[in-house]
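For reference, the structure discussed in these notes is given below.
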4 protein chains.
Amino acid sequence: MGSVIGKTLKISVFGESHGKGIGAVIDGFPAGIEVDDGYILREMQRRAPVYAASGTKRKESDVPRILSGVLDGKTTGAPVCVFIENSDVRSSDYSDFMNIPRPGHSDFTARIRYNGYNDIRGGGHFSGRLTAPVVFAGALSKLALKKAGIEAGAHILRVGYAADNAFSSFSPDISLINELRNKKIPVISDAAGVRMLETAERARREGDSVGGIVECAVLGVPAGLGSPMFDCVESRLAAMLFAIPAVRGVDFGRGFDGAAMRGSEANDGFYVKDGKVETRTNNHGGVLGGITSGMPVIFSVAFKPTPSISTPQNSVDITRMENTEIRVSGRHDPCVVFRAVPAVEACVAITMLDLLLEARGYEYFR
Amino acid sequence: MGSVIGKTLKISVFGESHGKGIGAVIDGFPAGIEVDDGYILREMQRRAPVYAASGTKRKESDVPRILSGVLDGKTTGAPVCVFIENSDVRSSDYSDFMNIPRPGHSDFTARIRYNGYNDIRGGGHFSGRLTAPVVFAGALSKLALKKAGIEAGAHILRVGYAADNAFSSFSPDISLINELRNKKIPVISDAAGVRMLETAERARREGDSVGGIVECAVLGVPAGLGSPMFDCVESRLAAMLFAIPAVRGVDFGRGFDGAAMRGSEANDGFYVKDGKVETRTNNHGGVLGGITSGMPVIFSVAFKPTPSISTPQNSVDITRMENTEIRVSGRHDPCVVFRAVPAVEACVAITMLDLLLEARGYEYFR
Amino acid sequence: MGSVIGKTLKISVFGESHGKGIGAVIDGFPAGIEVDDGYILREMQRRAPVYAASGTKRKESDVPRILSGVLDGKTTGAPVCVFIENSDVRSSDYSDFMNIPRPGHSDFTARIRYNGYNDIRGGGHFSGRLTAPVVFAGALSKLALKKAGIEAGAHILRVGYAADNAFSSFSPDISLINELRNKKIPVISDAAGVRMLETAERARREGDSVGGIVECAVLGVPAGLGSPMFDCVESRLAAMLFAIPAVRGVDFGRGFDGAAMRGSEANDGFYVKDGKVETRTNNHGGVLGGITSGMPVIFSVAFKPTPSISTPQNSVDITRMENTEIRVSGRHDPCVVFRAVPAVEACVAITMLDLLLEARGYEYFR
Amino acid sequence: MGSVIGKTLKISVFGESHGKGIGAVIDGFPAGIEVDDGYILREMQRRAPVYAASGTKRKESDVPRILSGVLDGKTTGAPVCVFIENSDVRSSDYSDFMNIPRPGHSDFTARIRYNGYNDIRGGGHFSGRLTAPVVFAGALSKLALKKAGIEAGAHILRVGYAADNAFSSFSPDISLINELRNKKIPVISDAAGVRMLETAERARREGDSVGGIVECAVLGVPAGLGSPMFDCVESRLAAMLFAIPAVRGVDFGRGFDGAAMRGSEANDGFYVKDGKVETRTNNHGGVLGGITSGMPVIFSVAFKPTPSISTPQNSVDITRMENTEIRVSGRHDPCVVFRAVPAVEACVAITMLDLLLEARGYEYFR
């Protein structure tokens with residue numbers, strides 16, 4: 001219960017932060033897709049800390065080892081299993097949190113859910129590190145989606161009060177997506193990126209952390225993917241995205257801002273462009289009635305501040321049922337969004353491939 | 001593909017706005033739950049328009065007829081099918097939208113998805129009317145959840161710029177939930193409710209519409225429901241909520257606002273209260289690591305402005321592939337959130353019952 | 001839990017034998033399929049008792065009422081709900097079985113499963129009558145499958161010791177399937193049919209019942225449907241078939257008889273026929289490695305004797321926990337296989353359509 | 001699509017016979033179950049060839065390496081990933097079968113399904129070797145089931161015409177199950193075992209193979225597990241069992257033989273035994289109406305003869321579309337049932353644990 005998702009394309013994620021390793025099984029992946037190792041590795045490296053000073057301190061090599069489903073550089077159609085060994089593991093750091101749970105972490109709830117048998121070291125199965133196999137699955141999905149002309153790209157929309165320009169206010173194109181992909185800090189306005197870094201650095205210096213927002217666009221999505229109600233694009237995608245640790249919100253198009261809008265402003269009028277029906281604005285984020293419109297799919301994902309902070313916090317010694325204080329030592333990443341960008345893209349790539357397979361079947365990839 | 005959701009408790013929704021009727025099959029519902037007709041009817045009546053002038057014009061009796069799964073006033077454990085006949089149907093209003101799709105509606109995407117065979121009258125299967133059977137399933141689920149001491153209640157947090165106090169800034173209690181339940185406009189601050197109505201009325205007078213936000217709390221949730229990753233409470237709940245038409249965003253606890261928060265501010269410290277571990281603040285919205293903490297589950301749902309407005313809008317005549325204008329006649333509800341409150345509660349009730357059944361099994365209800 | 005099945009095509013069955021009625025919701029059905037009412041009704045009438053004397057005594061009109069998903073005689077792509085009202089209901093017959101369960105029936109196990117809240121009248125949700133909506137869904141699926149050139153047909157292979165010729169020993173063609181479809185007793189050898197009837201009649205006269213086997217073939221199945229392991233054609237189909245009450249066994253190709261065969265005899269050699277790869281024999285029943293081979297899919301379904309017999313049987317008075325005897329009055333169908341033929345065909349039609357949608361997607365039906 | 005199954009307990013199987021290895025991810029497994037390595041290894045060794053001369057020639061060490069989900073010898077509640085490295089791999093044997101498919105094998109259908117990209121070496125993902133991770137998952141499930149007093153055991157019922165006594169004709173007890181578990185050839189009558197071996201040896205000597213039947217019993221199953229219709233015990237179990245390569249049939253209780261029985265003979269009368277309701281005979285195989293009765297669950301699984309035989313067979317050269325002959329060299333296991341016994345037990349253990357979790361939830365294992 002928990003770590004399997006998907007309908008025609010199923011992902012089963014396993015592993016713990018400080019165990020033997022982490023990985024995923026990808027079932028239902030189309031056969032004959034060329035596995036571009038370089039591409040996949042670059043995707044995974046985008047998870048690396050962006051900057052020396054405030055990034056996560058743990059050096060993660062994250063070399064994915066494909067255990068099945070690939071032969072002669074191409075997918076076989078059988079389940080693809082990827083395994084990423086854990087190398088730089090220091091578990092002593094985490095030994096106390098079973099009894100004195102860290103605020104904002106899963107320590108307390110996991111203990112109850114698993115009756116204290118859960119692996120708490122480094123967050124165990126709840127660790128952000130578990131996004132690495134998801135990013136692998138996303139990279140593989142992106143390689144399949146390229147065949148259908150679909151490309152996904154994300155940028156950091158906000159860190160604290162430092163904000164980038166929003167995709168949802170215009171229609172991003174492929175050159176922007178490619179540009180973002182190659183930036184150290186994926187933002188449209190580099191000045192905003194500088195302010196974001198400063199915001200995170202300042203939080204870290206003050207023994208604190210800060211939240212942020214990632215915004216993502218998918219280009220080349222054909223109209224007609226998705227379904228009404230529970231298999232709407234939003235439901236399918238949100239179910240993937242909330243699996244990323246620290247995600248607290250997901251919205252589409254103008255999303256929460258739309259609550260303050262008028263219909264005359266929010267509705268995107270249709271017009272004919274090059275023999276196709278399009279909309280000039282894209283407040284709907286490419287999804288109407290749960291189904292793609294052919295316009296870029298655009299959504300945002302809100303992340304809470306990293307719960308690990310060095311400032312002392314209130315907690316409880318559960319064995320004694322006494323109030324106490326906890327101080328989370330170590331140098332922690334003060335803001336997860338810098339590393340979360342490829343995870344967000346991975347989620348949408350996996351979901352889009354699943355939806356595409358529903359629309360066109362596995363024979364489409366012949 | 002589309003209208004079935006759930007793991008141990010499965011809901012299958014059917015029907016069209018202007019067809020014979022709408023309904024749902026609820027599979028896996030526990031046996032022996034007393035079906036309180038009065039309670040269910042009151043829940044369904046909460047979907048009725050709240051005010052004479054700007055509410056939806058269609059008179060909906062919405063009498064649910066239970067076709068199966070109930071005997072002698074108690075659930076039998078077999079699937080419960082509910083059917084709500086459509087009575088006040090005037091389909092002539094909608095005949096043109098297949099060729100000239102309304103901006104912001106599903107007309108265009110449904111046409112492509114179903115190759116023009118979809119029932120477009122009144123939005124067909126995409127209509128907000130489809131939330132009626134969901135509210136029925138929610139009411140039934142609430143009756144089961146009462147046995148476990150779980151209660152859900154929602155209020156309108158925002159209409160345009162008119163805002164109520166937020167659950168997420170404190171821990172709501174059962175008396176507040178009950179109070180909201182009996183208010184014509186479910187808001188904590190009645191003054192806010194008046195401003196919300198005014199905001200909606202003004203929009204309507206100006207041939208326009210306006211968006212809003214509903215916030216919901218679930219009390220009495222035991223710690224330990226849910227799972228990490230894809231079966232986290234947020235994923236499960238979001239997948240239900242985005243099925244409500246016009247929903248564009250879902251967030252938990254401080255959600256999107258948390259993006260601008262510091263960790264020291266967002267983290268909820270633990271303390272011992274009456275021999276139980278609790279948190280003084282509830283920024284985490286009752287969910288940590290995807291699992292309930294025992295604190296109230298709190299989340300918000302953003303709705304876009306009703307797409308149906310009388311102001312002329314740009315559209316395309318698809319058969320001729322020519323630009324044109326469309327004017328949506330009739331008197332439309334200028335803001336869906338007033339009627340959306342019970343639908344939001346229903347979604348969380350269904351999801352919580354599903355999660356409870358996973359934790360305790362069907363034998364729990366013996 | 002129980003009455004929903006399918007991946008891209010989902011069927012949710014509801015209702016009780018002696019309640020308001022029975023029905024199903026069919027989700028994910030392709031849009032634009034012409035709903036041939038005459039065809040569907042004929043399919044449903046094939047469930048009617050085949051012969052005056054020993055058939056089930058209850059007169060079932062079984063007129064399916066389509067509540068959703070069909071407009072102007074074509075499917076819309078939205079869920080199709082069908083409802084069949086129960087008309088000829090006499091529930092007094094069944095009142096005692098809650099406390100003194102009938103051997104071979106679900107009375108005892110359902111009582112435990114549902115803590116005595118289950119509707120036991122006429123078997124409730126466990127009744128063979130629940131195959132009527134399945135047959136409806138099957139008829140609809142057959143109409144969709146025709147577009148892909150796929151046809152399913154079954155015959156009675158055995159009643160007691162009276163046996164028909166077996167499909168699995170040769171490759172049936174469409175003319176045979178059509179012929180069987182129009183026979184009152186669907187058998188290849190009419191002489192066998194006469195013996196079958198006599199076998200059933202004799203059982204009935206002696207206050208007893210008898211079991212049987214139905215064999216089914218699907219023609220025109222393209223090679224390449226299905227998957228290895230848990231989504232193999234056999235797994236998917238068996239999961240549907242065992243849902244038919246009284247089914248106790250399912251096998252494919254030579255099935256259980258293959259246990260006594262040699263490989264040299266069982267293996268079907270390949271050869272080229274009209275530019276296609278075929279096999280001369282079809283011991284594999286059209287499925288190799290869980291995937292269709294392009295040869296007819298052939299399988300058999302074993303039914304136990306009808307448990308309702310007028311002979312006195314041992315049972316227990318559960319409230320008193322005392323041994324007792326039970327005599328099931330009324331005139332019961334002494335053999336279910338005569339009526340089970342269309343249910344078997346329906347199961348395979350639904351499964352094949354689901355598998356076809358996985359292979360080709362919903363866009364295939366455009 | 002294919003290698004994931006389960007509802008609350010999900011198994012995702014991966015790997016190829018001659019690739020890097022094989023494995024499984026077990027999601028939803030209860031926390032706190034002691035992982036008895038010795039027990040698990042013994043279960044896996046039961047897959048080893050039973051006898052020197054006619055067993056499979058490949059030496060399989062099959063040491064399962066647990067990559068996640070276990071800490072300090074106990075399950076953590078997180079997904080358990082097991083990986084079994086392939087050591088003794090000689091792939092040259094299999095190079096031709098892509099173009100000249102072996103009769104009775106998946107070569108032809110897999111080629112079409114995966115457009116020729118499938119890994120055909122040793123059967124790839126279709127190999128019987130894939131039952132090893134299933135047996136691992138089964139062993140783990142058995143350790144959990146012991147906590148609820150549930151034990152599964154199987155024997156060989158038939159090889160060719162050599163037949164053992166049948167469980168279905170009486171009610172097996174735990175001492176018999178334990179005895180079978182420790183026999184080299186798991187049969188009730190050792191004389192039958194000798195004849196079975198002879199049957200297989202003779203087939204092998206003649207360049208041929210032979211089929212067989214495995215029969216399995218589950219003791220200690222509480223009444224009330226399972227559901228009507230598609231989640232009936234039979235449907236759930238059959239869907240697992242048909243995933244075992246070479247399985248062609250599954251039946252419950254008297255199964256196919258019941259087709260020739262009378263109701264008066266097949267119905268198992270109830271009586272009171274030690275304050276519990278039981279049946280004296282167990283023709284129903286422990287399942288009535290899809291729900292367990294509290295009597296042992298009994299079922300049989302039919303296996304076709306191993307398709308690999310050294311006798312020349314007809315096949316087609318697909319690239320040239322010409323008829324040809326194929327001779328499968330190497331020394332092949334002439335009968336799979338000897339090694340299939342633990343796989344059958346594994347399937348029922350996994351299914352029973354899944355059903356138990358539905359009935360009692362994950363909190364049951366606290």
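Ligands are numbered from 1 in the order shown, residues from 1 within each chain, and chains are lettered A, B, ... in the order they appear in the structure tokens.
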Contact set, chain D to chain C: 6 Å, only C-alpha atoms, as a VMD selection string: chain D and resid 2 to 3 103 to 104 106 109 112 to 113 160 to 161 208 to 212 224 227 to 231 235 239 242 to 243 248 to 252 255 to 256 258 to 263 267 to 271 288 to 289 291 293 302 to 305 307 314 to 316 323
Contact residues around segment 15-32 of chain D with only C-alpha atoms at 7 Å, ignoring same-chain residues under 2 positions, as a ChimeraX atom specification: /A:1-3,67-69,114,117 /D:8-13,34,74-86,89,91,121-125,127,129-130,133,137,362,365
Backbone DSSP call of strand (DSSP E) for segment 196-312 of chain A, listed as a ChimeraX atom specification: /A:212-219,247-252,270-273,276-279,287-288,291-292,297-303
Mind dumping the selected residues with C-alpha atoms as a short mmCIF file (atom, residue, chain, number, x, y, z; two decimals), in the first residue's frame?
```cif
data_model
loop_
_atom_site.label_atom_id
_atom_site.label_comp_id
_atom_site.auth_asym_id
_atom_site.auth_seq_id
_atom_site.Cartn_x
_atom_site.Cartn_y
_atom_site.Cartn_z
CA GLY A 212 8.90 27.50 -2.71
CA ILE A 213 6.91 26.75 -5.85
CA VAL A 214 7.83 24.89 -9.04
CA GLU A 215 5.90 25.55 -12.22
CA CYS A 216 5.85 23.10 -15.10
CA ALA A 217 4.73 23.12 -18.72
CA VAL A 218 4.17 20.26 -21.13
CA LEU A 219 4.34 21.13 -24.81
CA VAL A 247 4.61 18.94 -1.70
CA ARG A 248 1.61 20.66 -0.12
CA GLY A 249 -0.28 22.01 -3.08
CA VAL A 250 -0.93 21.51 -6.77
CA ASP A 251 -2.84 23.78 -9.09
CA PHE A 252 -3.50 24.03 -12.81
CA PHE A 270 -10.89 30.07 -29.00
CA TYR A 271 -9.57 31.13 -32.39
CA VAL A 272 -8.29 29.47 -35.55
CA LYS A 273 -4.52 29.39 -35.89
CA LYS A 276 -6.07 24.47 -35.70
CA VAL A 277 -8.27 25.57 -32.83
CA GLU A 278 -6.20 27.30 -30.14
CA THR A 279 -6.62 29.80 -27.36
CA VAL A 287 -6.93 21.13 -19.55
CA LEU A 288 -10.69 21.65 -19.93
CA ILE A 291 -9.11 16.56 -20.99
CA THR A 292 -6.17 18.16 -22.76
CA VAL A 297 -0.42 21.77 -19.91
CA ILE A 298 0.65 24.13 -17.12
CA PHE A 299 0.59 23.53 -13.39
CA SER A 300 2.32 24.58 -10.19
CA VAL A 301 3.50 22.63 -7.19
CA ALA A 302 3.94 24.17 -3.75
CA PHE A 303 6.65 22.91 -1.39
#
```
Long-range neighbours of segment 184-188 of chain A as a list in words, 7 Å cut-off, only C-alpha atoms, 2 positions minimum in chain: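 Once the nearby chain positions are removed, what remains is Val50, His155, Ile156, Asp164, Asn165, Leu180, Arg181, Asn182, Asp190 and Gly193 of chain A.
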In segment 250-341 of chain C, DSSP helix (DSSP H, G or I) residues written as a VMD selection string: chain C and resid 255 to 260 263 to 266 337 to 341
Would you output that residue set with N, CA and C atoms, as a compact mmCIF listing (two decimals), in the first residue's frame?
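Done, and the output landed in out_33.txt:
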```txt
# COMPACT_ATOMS: atom_id res chain seq x y z
N GLY C 255 -6.41 -27.72 -21.63
CA GLY C 255 -6.65 -27.54 -20.21
C GLY C 255 -6.29 -28.73 -19.35
N PHE C 256 -7.23 -29.19 -18.52
CA PHE C 256 -6.94 -30.29 -17.60
C PHE C 256 -6.58 -31.58 -18.33
N ASP C 257 -7.17 -31.76 -19.51
CA ASP C 257 -6.82 -32.96 -20.27
C ASP C 257 -5.35 -32.94 -20.68
N GLY C 258 -4.80 -31.76 -20.83
CA GLY C 258 -3.40 -31.63 -21.22
C GLY C 258 -2.46 -32.22 -20.19
N ALA C 259 -2.94 -32.37 -18.96
CA ALA C 259 -2.10 -32.95 -17.91
C ALA C 259 -1.66 -34.36 -18.26
N ALA C 260 -2.46 -35.03 -19.07
CA ALA C 260 -2.14 -36.40 -19.44
C ALA C 260 -1.50 -36.49 -20.83
N GLY C 263 4.20 -33.62 -24.73
CA GLY C 263 4.52 -32.37 -25.42
C GLY C 263 4.43 -32.49 -26.93
N SER C 264 4.88 -33.63 -27.45
CA SER C 264 4.87 -33.82 -28.90
C SER C 264 3.45 -33.80 -29.46
N GLU C 265 2.52 -34.14 -28.61
CA GLU C 265 1.11 -34.19 -28.99
C GLU C 265 0.45 -32.83 -28.74
N ALA C 266 0.83 -32.19 -27.63
CA ALA C 266 0.17 -30.94 -27.23
C ALA C 266 0.67 -29.72 -28.01
N VAL C 337 -26.21 -24.74 -16.76
CA VAL C 337 -25.41 -24.48 -17.96
C VAL C 337 -26.23 -24.04 -19.17
N PHE C 338 -27.49 -24.50 -19.25
CA PHE C 338 -28.31 -24.08 -20.39
C PHE C 338 -28.42 -22.56 -20.47
N ARG C 339 -28.53 -21.96 -19.32
CA ARG C 339 -28.68 -20.50 -19.27
C ARG C 339 -27.34 -19.77 -19.15
N ALA C 340 -26.29 -20.52 -18.90
CA ALA C 340 -25.01 -19.87 -18.62
C ALA C 340 -24.24 -19.52 -19.88
N VAL C 341 -24.64 -20.11 -21.00
CA VAL C 341 -23.89 -19.91 -22.25
C VAL C 341 -23.68 -18.43 -22.59
```
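Taking atom CA of Leu71 of chain D and atom CA of Glu43 of chain D as endpoints, the distance between them is 21.1 Å.
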Atomic distance atom CA of Asp62 of chain B - atom CA of Val348 of chain B, expressed in Å with one decimal: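 Between atom CA of Asp62 of chain B and atom CA of Val348 of chain B the gap works out to 21.4 Å.
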Distance in Å - atom CA of Arg331 of chain A versus atom CA of Ser87 of chain A: 18.4 Å
Exercise: Gly220 of chain D partners within 7 Å, only C-alpha atoms, chain neighbours under 5 positions left out, as a list in words: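 My list of contacting residues is Gly149, Ile150, Glu151 and Pro296 of chain D.
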